[in-house]
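*Asks:* Please see the structure below; I have some questions.
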Amino acid sequence: MDFSNLKNKIESFFEEQSESIDLEEALQCIDETFSLLNQGRIRVAEKIDGEWIVNSWIKKAILLAFKLKKPKEQEFDSFDKLDLLKFDFENPRYRKVPPAVIRNGVYIGTDAVIMPSYINVGAYIGNKTMIDINAAVGSCAQIGKNCHIAALSCIGGVLEPETASPTIIEDNCFIGAHSSILEGVIVEENSVIAAGVTITGSTKIIDRYTKETLNGRVPSGSVVVQGSYPSNGLNISCGIIIKRIDTKTRSKLSINDILRETPRF
């Protein structure tokens, strides 16, 4: 659908950001943007012709919400400008286990499982993806379908600047426990990040066999472990692609559909 009218209004309000703007209309546009995010009809970033494109106007709407909305009492004894995402008990598409916290402006896909974790505004969680215990999904992070974000892992958020690409985990990926994927890194589909790996936008990702060095991107089908390389007498942390995904590795990480079947009333 064409949301150009809403986009233009949001960008106009963002540029003005003054007392002269129509506050009621601005808040209506912000609420409409958040509703579309909740439904998955718009996304902060989307893959078009093989490239990830940032819809910066949506980030601007989120930033405007922080500027224009007044804080109020929320659940979990909190005081915030943004509501929490309301669960639709009449049409349960996914499972949410307490005390998981999901902020308004998040899309949760069908048959996803949200264990006690935190998912920030603007994030997208694909179908049949599990966000495990104490994992954190940062603002505007994009996570594809059939993924497992393991316990205590962190998928970093990128809300500012509004043109910056968010952290992206593509379809069928496994992110191991205590791992951190930060600063707009893209983990391409069918990849496995071992437990305890940290990858930032400047972290070197070294292919064990080809010796190719990458930054900010894990190639499709990679298995990555934590490593280091020598530099001026020091060992600098890096990610090492130890192999490409194979049938044996994939079988160990296969999704259990039983865990992801959401009851339909």
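Following the order of the structure tokens, first chain is A, next is B, and so on, with residues numbered from 1 inside each chain and ligands from 1 in the order they appear.
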Could you name the residues that touch Ile114 in chain A at 7 Å or less, counting only C-alpha atoms, but leaving out those on the same chain fewer than 5 positions away, as a VMD selection string?
*Replies:* chain A and resid 95 to 97 100 130 to 132
*Asks:* Which residue is closest to Leu36 in chain A? Choose from A:Leu68, A:Val225, A:Ala61, A:Ile21 and count only C-alpha atoms.
*Replies:*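 Closest candidate: A:Ala61.
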*Asks:* If you count only C-alpha atoms, which residues fall within 12 Å of Gln39 in chain A, apart from same-chain ones fewer than 3 positions away, as a count of residues only?
*Replies:* 23
*Asks:* Would you pick out the contacts of Ile30 in chain A at 12 Å or less, using only C-alpha atoms, so that residues sharing its chain but fewer than 2 positions from it are not included, and give the list as a ChimeraX atom specification?
*Replies:* /A:6-7,9-11,13-14,23-28,32-37,57-69,82,104-105
*Asks:* Give the helix (DSSP H, G or I) residues of range 42-178 of chain A, as assigned by DSSP on the backbone, as a list in words.
*Replies:*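 Everything in range 42-178 of chain A that counts as helix (DSSP H, G or I) is Ser56, Trp57, Ile58, Lys59, Lys60, Ala61, Ile62, Leu63, Leu64, Ala65, Phe66, Lys67 and Leu68 of chain A.
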*Asks:* Keeping only C-alpha atoms, take the residues you just selected and write them out as a PDB file, in the first residue's frame.
*Replies:*
ATOM      1  CA  SER A  56      13.990   6.714   7.841  1.00  0.00           C
ATOM      2  CA  TRP A  57      10.568   8.377   8.094  1.00  0.00           C
ATOM      3  CA  ILE A  58       9.442   5.598  10.438  1.00  0.00           C
ATOM      4  CA  LYS A  59      12.408   6.279  12.718  1.00  0.00           C
ATOM      5  CA  LYS A  60      11.438   9.949  12.617  1.00  0.00           C
ATOM      6  CA  ALA A  61       7.925   9.032  13.774  1.00  0.00           C
ATOM      7  CA  ILE A  62       9.404   7.122  16.724  1.00  0.00           C
ATOM      8  CA  LEU A  63      11.677  10.026  17.644  1.00  0.00           C
ATOM      9  CA  LEU A  64       8.721  12.400  17.397  1.00  0.00           C
ATOM     10  CA  ALA A  65       6.787  10.171  19.796  1.00  0.00           C
ATOM     11  CA  PHE A  66       9.503  10.660  22.406  1.00  0.00           C
ATOM     12  CA  LYS A  67       9.419  14.399  21.834  1.00  0.00           C
ATOM     13  CA  LEU A  68       5.662  14.984  21.742  1.00  0.00           C
TER      14      LEU A  68
END
*Asks:* For the atom pair CA of Gly184 in chain A and CA of Pro116 in chain A, what is the interatomic distance in Å to one decimal place?
*Replies:*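 According to the coordinates, CA of Gly184 in chain A and CA of Pro116 in chain A are separated by 24.1 Å.
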*Asks:* Any idea what's packed within 8 Å of Ile242 in chain A, counting only C-alpha atoms, ignoring anything in its chain fewer than 3 positions away? Could you give it as a PyMOL selection string?
*Replies:* chain A and resi 207-209+222-225
*Asks:* Those same residues, written as a tab-separated table (two decimals), in the first residue's frame with C-alpha atoms?
*Replies:*
chain	number	residue	atom	x	y	z
A	207	ASP	CA	37.07	-16.53	6.80
A	208	ARG	CA	39.24	-19.36	8.08
A	209	TYR	CA	39.81	-20.82	4.62
A	222	SER	CA	28.34	-19.01	7.86
A	223	VAL	CA	29.23	-20.62	11.19
A	224	VAL	CA	31.02	-17.99	13.28
A	225	VAL	CA	32.99	-18.42	16.51
*Asks:* Per DSSP on the backbone, what are the strand (DSSP E) residues of range 125-180 of chain A, as a compact mmCIF listing (two decimals) with C-alpha atoms, in the first residue's frame?
*Replies:*
# COMPACT_ATOMS: atom_id res chain seq x y z
CA ILE A 125 10.25 -10.43 14.77
CA MET A 130 12.05 -17.60 19.38
CA ILE A 131 13.39 -14.82 21.57
CA ALA A 136 17.39 -8.16 24.37
CA VAL A 137 16.23 -6.95 20.98
CA GLN A 142 14.97 -6.67 12.27
CA ILE A 143 14.85 -10.43 12.88
CA HIS A 148 16.44 -18.60 17.53
CA ILE A 149 17.86 -15.73 19.56
CA CYS A 154 21.77 -8.97 22.57
CA ILE A 155 20.63 -7.74 19.17
CA ILE A 168 19.50 -7.25 10.98
CA ILE A 169 19.24 -11.01 11.48
CA PHE A 174 20.79 -19.09 15.23
CA ILE A 175 22.37 -16.56 17.61
CA SER A 180 26.00 -9.65 20.90
*Asks:* Using only C-alpha atoms, which of the listed residues (A:Thr203, A:Asn38, A:Asn172, A:Thr249) sits closest to Gln226 in chain A?
*Replies:*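 Closest residue, counting only C-alpha atoms: A:Thr203.
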*Asks:* Which residue is closest to Thr210 in chain A? Choose from A:Ser20, A:Ala177, A:Asp49, A:Lys243 and count only C-alpha atoms.
*Replies:*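 Checking each candidate against Thr210 in chain A, we get A:Lys243 as the closest.
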*Asks:* Counting only C-alpha atoms, what is within 6 Å of Asp171 in chain A, bar same-chain residues fewer than 2 positions away, as a list in words?
*Replies:* Gly144, Lys145, Cys173 and Glu189 of chain A
*Asks:* For the residues in that selection, give me N, CA and C atoms as a short mmCIF file (atom, residue, chain, number, x, y, z; two decimals), in the first residue's frame.
*Replies:*
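part17.cif was written with the following content:
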data_model
loop_
_atom_site.label_atom_id
_atom_site.label_comp_id
_atom_site.auth_asym_id
_atom_site.auth_seq_id
_atom_site.Cartn_x
_atom_site.Cartn_y
_atom_site.Cartn_z
N GLY A 144 14.42 -12.09 11.17
CA GLY A 144 13.62 -12.83 10.21
C GLY A 144 12.86 -14.00 10.81
N LYS A 145 12.36 -14.86 9.95
CA LYS A 145 11.57 -16.01 10.37
C LYS A 145 12.47 -17.20 10.71
N CYS A 173 18.35 -18.11 11.14
CA CYS A 173 19.63 -17.91 11.82
C CYS A 173 19.54 -18.34 13.28
N GLU A 189 21.08 -14.89 5.95
CA GLU A 189 20.25 -16.08 6.19
C GLU A 189 21.08 -17.35 6.36
#
